[in-house]
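K.L.:
Below: one structure in structure tokens.
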Amino acid sequence: MTRIIYQNAAGQRREIDAPAGRSVMQVAVANGVDGIVAECGGSAMCATCHVYVEAGPVDKLPAPNAVEDEMLESTAEPRMPNSRLSCQLVIGPELDGLVVRLPERQV
């Protein structure tokens, strides 16, 4: 299992052991992490799973594709250089210890 750390806007952290092949968004929803709405279910069409990648193996993440890049322009909270759609971050052992911060709001 790969450890993903979700940090809410207030700074509280929750560590979850995540199975490989699932997205950071899917794991959050399955484990009741508040702050990930995921209206489109992970098809990169709504930007309601926006996160800020804060720490961990950031260099192991793939670059955003064109669809993700476009959707990041319509997030409810400001886009930052470390903004990602959590539905596009597929978990593997190389992401162990990844820290994602949730924005104050998604919609």
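If you're wondering about the labels, chains in the structure tokens are A, B, ... by order shown, residues count from 1 in each chain, ligands from 1 in order shown.
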For segment 57-70 of chain A, find every residue with an atom within 12 Å (counting only C-alpha atoms), except residues of its own chain fewer than 3 positions away, and show them as a PyMOL selection string.

P.N.:
chain A and resi 2-5+24+42-50+52-54+73-75+79-100

K.L.:
Among the residues of chain A, find those DSSP assigns to helix (DSSP H, G or I) from the backbone and print them as an MDAnalysis selection string.

P.N.:
chainID A and resid 24:30 58:60 66:74 86:88 93:95

K.L.:
So that I can check the secondary structure, give me every residue of chain A assigned strand (DSSP E or B) by backbone DSSP, as a PDB file with N, CA and C atoms, in the first residue's frame.

P.N.:
```pdb
ATOM      1  N   THR A   2       0.332   2.277  -0.559  1.00  0.00           N
ATOM      2  CA  THR A   2       1.016   3.562  -0.667  1.00  0.00           C
ATOM      3  C   THR A   2       0.323   4.564   0.248  1.00  0.00           C
ATOM      4  N   ARG A   3       1.092   5.268   1.039  1.00  0.00           N
ATOM      5  CA  ARG A   3       0.545   6.230   1.999  1.00  0.00           C
ATOM      6  C   ARG A   3       0.356   7.580   1.313  1.00  0.00           C
ATOM      7  N   ILE A   4      -0.897   8.069   1.291  1.00  0.00           N
ATOM      8  CA  ILE A   4      -1.230   9.391   0.765  1.00  0.00           C
ATOM      9  C   ILE A   4      -1.720  10.219   1.955  1.00  0.00           C
ATOM     10  N   ILE A   5      -1.244  11.447   2.044  1.00  0.00           N
ATOM     11  CA  ILE A   5      -1.606  12.320   3.158  1.00  0.00           C
ATOM     12  C   ILE A   5      -2.446  13.465   2.614  1.00  0.00           C
ATOM     13  N   TYR A   6      -3.655  13.571   3.156  1.00  0.00           N
ATOM     14  CA  TYR A   6      -4.596  14.621   2.774  1.00  0.00           C
ATOM     15  C   TYR A   6      -4.590  15.659   3.894  1.00  0.00           C
ATOM     16  N   GLN A   7      -4.392  16.910   3.525  1.00  0.00           N
ATOM     17  CA  GLN A   7      -4.387  17.987   4.508  1.00  0.00           C
ATOM     18  C   GLN A   7      -5.514  18.948   4.176  1.00  0.00           C
ATOM     19  N   ARG A  13      -4.323  16.799   9.122  1.00  0.00           N
ATOM     20  CA  ARG A  13      -3.880  15.777   8.172  1.00  0.00           C
ATOM     21  C   ARG A  13      -4.545  14.441   8.445  1.00  0.00           C
ATOM     22  N   ARG A  14      -4.725  13.713   7.346  1.00  0.00           N
ATOM     23  CA  ARG A  14      -5.243  12.348   7.430  1.00  0.00           C
ATOM     24  C   ARG A  14      -4.433  11.480   6.476  1.00  0.00           C
ATOM     25  N   GLU A  15      -3.808  10.446   7.019  1.00  0.00           N
ATOM     26  CA  GLU A  15      -3.020   9.519   6.213  1.00  0.00           C
ATOM     27  C   GLU A  15      -3.873   8.314   5.858  1.00  0.00           C
ATOM     28  N   ILE A  16      -3.805   7.920   4.587  1.00  0.00           N
ATOM     29  CA  ILE A  16      -4.581   6.768   4.123  1.00  0.00           C
ATOM     30  C   ILE A  16      -3.654   5.851   3.342  1.00  0.00           C
ATOM     31  N   ASP A  17      -3.713   4.565   3.642  1.00  0.00           N
ATOM     32  CA  ASP A  17      -2.999   3.561   2.858  1.00  0.00           C
ATOM     33  C   ASP A  17      -3.837   3.276   1.625  1.00  0.00           C
ATOM     34  N   ALA A  18      -3.291   3.578   0.468  1.00  0.00           N
ATOM     35  CA  ALA A  18      -4.035   3.523  -0.785  1.00  0.00           C
ATOM     36  C   ALA A  18      -3.519   2.411  -1.688  1.00  0.00           C
ATOM     37  N   SER A  23      -6.966   6.381  -8.128  1.00  0.00           N
ATOM     38  CA  SER A  23      -6.530   7.777  -8.149  1.00  0.00           C
ATOM     39  C   SER A  23      -6.586   8.358  -6.736  1.00  0.00           C
ATOM     40  N   HIS A  50      -9.884  19.337  -7.186  1.00  0.00           N
ATOM     41  CA  HIS A  50      -8.674  20.155  -7.197  1.00  0.00           C
ATOM     42  C   HIS A  50      -7.920  19.988  -5.878  1.00  0.00           C
ATOM     43  N   VAL A  51      -6.607  19.819  -5.961  1.00  0.00           N
ATOM     44  CA  VAL A  51      -5.743  19.766  -4.780  1.00  0.00           C
ATOM     45  C   VAL A  51      -4.471  20.553  -5.081  1.00  0.00           C
ATOM     46  N   TYR A  52      -3.771  20.886  -4.006  1.00  0.00           N
ATOM     47  CA  TYR A  52      -2.449  21.481  -4.119  1.00  0.00           C
ATOM     48  C   TYR A  52      -1.451  20.424  -3.657  1.00  0.00           C
ATOM     49  N   VAL A  53      -0.539  20.024  -4.514  1.00  0.00           N
ATOM     50  CA  VAL A  53       0.477  19.036  -4.155  1.00  0.00           C
ATOM     51  C   VAL A  53       1.531  19.764  -3.332  1.00  0.00           C
ATOM     52  N   GLU A  54       1.658  19.368  -2.079  1.00  0.00           N
ATOM     53  CA  GLU A  54       2.495  20.097  -1.141  1.00  0.00           C
ATOM     54  C   GLU A  54       3.875  19.503  -0.930  1.00  0.00           C
ATOM     55  N   ALA A  55       3.980  18.201  -0.825  1.00  0.00           N
ATOM     56  CA  ALA A  55       5.250  17.584  -0.455  1.00  0.00           C
ATOM     57  C   ALA A  55       5.258  16.120  -0.863  1.00  0.00           C
ATOM     58  N   SER A  83      -1.082  23.163  -8.335  1.00  0.00           N
ATOM     59  CA  SER A  83      -2.460  22.681  -8.491  1.00  0.00           C
ATOM     60  C   SER A  83      -2.514  21.459  -9.395  1.00  0.00           C
ATOM     61  N   ARG A  84      -3.334  20.498  -8.992  1.00  0.00           N
ATOM     62  CA  ARG A  84      -3.583  19.299  -9.809  1.00  0.00           C
ATOM     63  C   ARG A  84      -5.021  18.865  -9.593  1.00  0.00           C
ATOM     64  N   LEU A  85      -5.535  18.081 -10.541  1.00  0.00           N
ATOM     65  CA  LEU A  85      -6.812  17.393 -10.342  1.00  0.00           C
ATOM     66  C   LEU A  85      -6.460  16.038  -9.759  1.00  0.00           C
ATOM     67  N   VAL A  90      -2.631   8.976 -10.444  1.00  0.00           N
ATOM     68  CA  VAL A  90      -2.780   7.534 -10.224  1.00  0.00           C
ATOM     69  C   VAL A  90      -1.719   7.064  -9.239  1.00  0.00           C
ATOM     70  N   LEU A  98       3.059  11.088  -0.502  1.00  0.00           N
ATOM     71  CA  LEU A  98       2.564  12.273  -1.194  1.00  0.00           C
ATOM     72  C   LEU A  98       1.600  13.042  -0.288  1.00  0.00           C
ATOM     73  N   VAL A  99       1.798  14.356  -0.206  1.00  0.00           N
ATOM     74  CA  VAL A  99       0.931  15.224   0.596  1.00  0.00           C
ATOM     75  C   VAL A  99       0.158  16.131  -0.344  1.00  0.00           C
ATOM     76  N   VAL A 100      -1.170  16.074  -0.253  1.00  0.00           N
ATOM     77  CA  VAL A 100      -2.016  16.972  -1.033  1.00  0.00           C
ATOM     78  C   VAL A 100      -2.853  17.805  -0.070  1.00  0.00           C
ATOM     79  N   ARG A 101      -2.890  19.116  -0.329  1.00  0.00           N
ATOM     80  CA  ARG A 101      -3.689  20.029   0.493  1.00  0.00           C
ATOM     81  C   ARG A 101      -4.983  20.332  -0.246  1.00  0.00           C
TER      82      ARG A 101
END
```
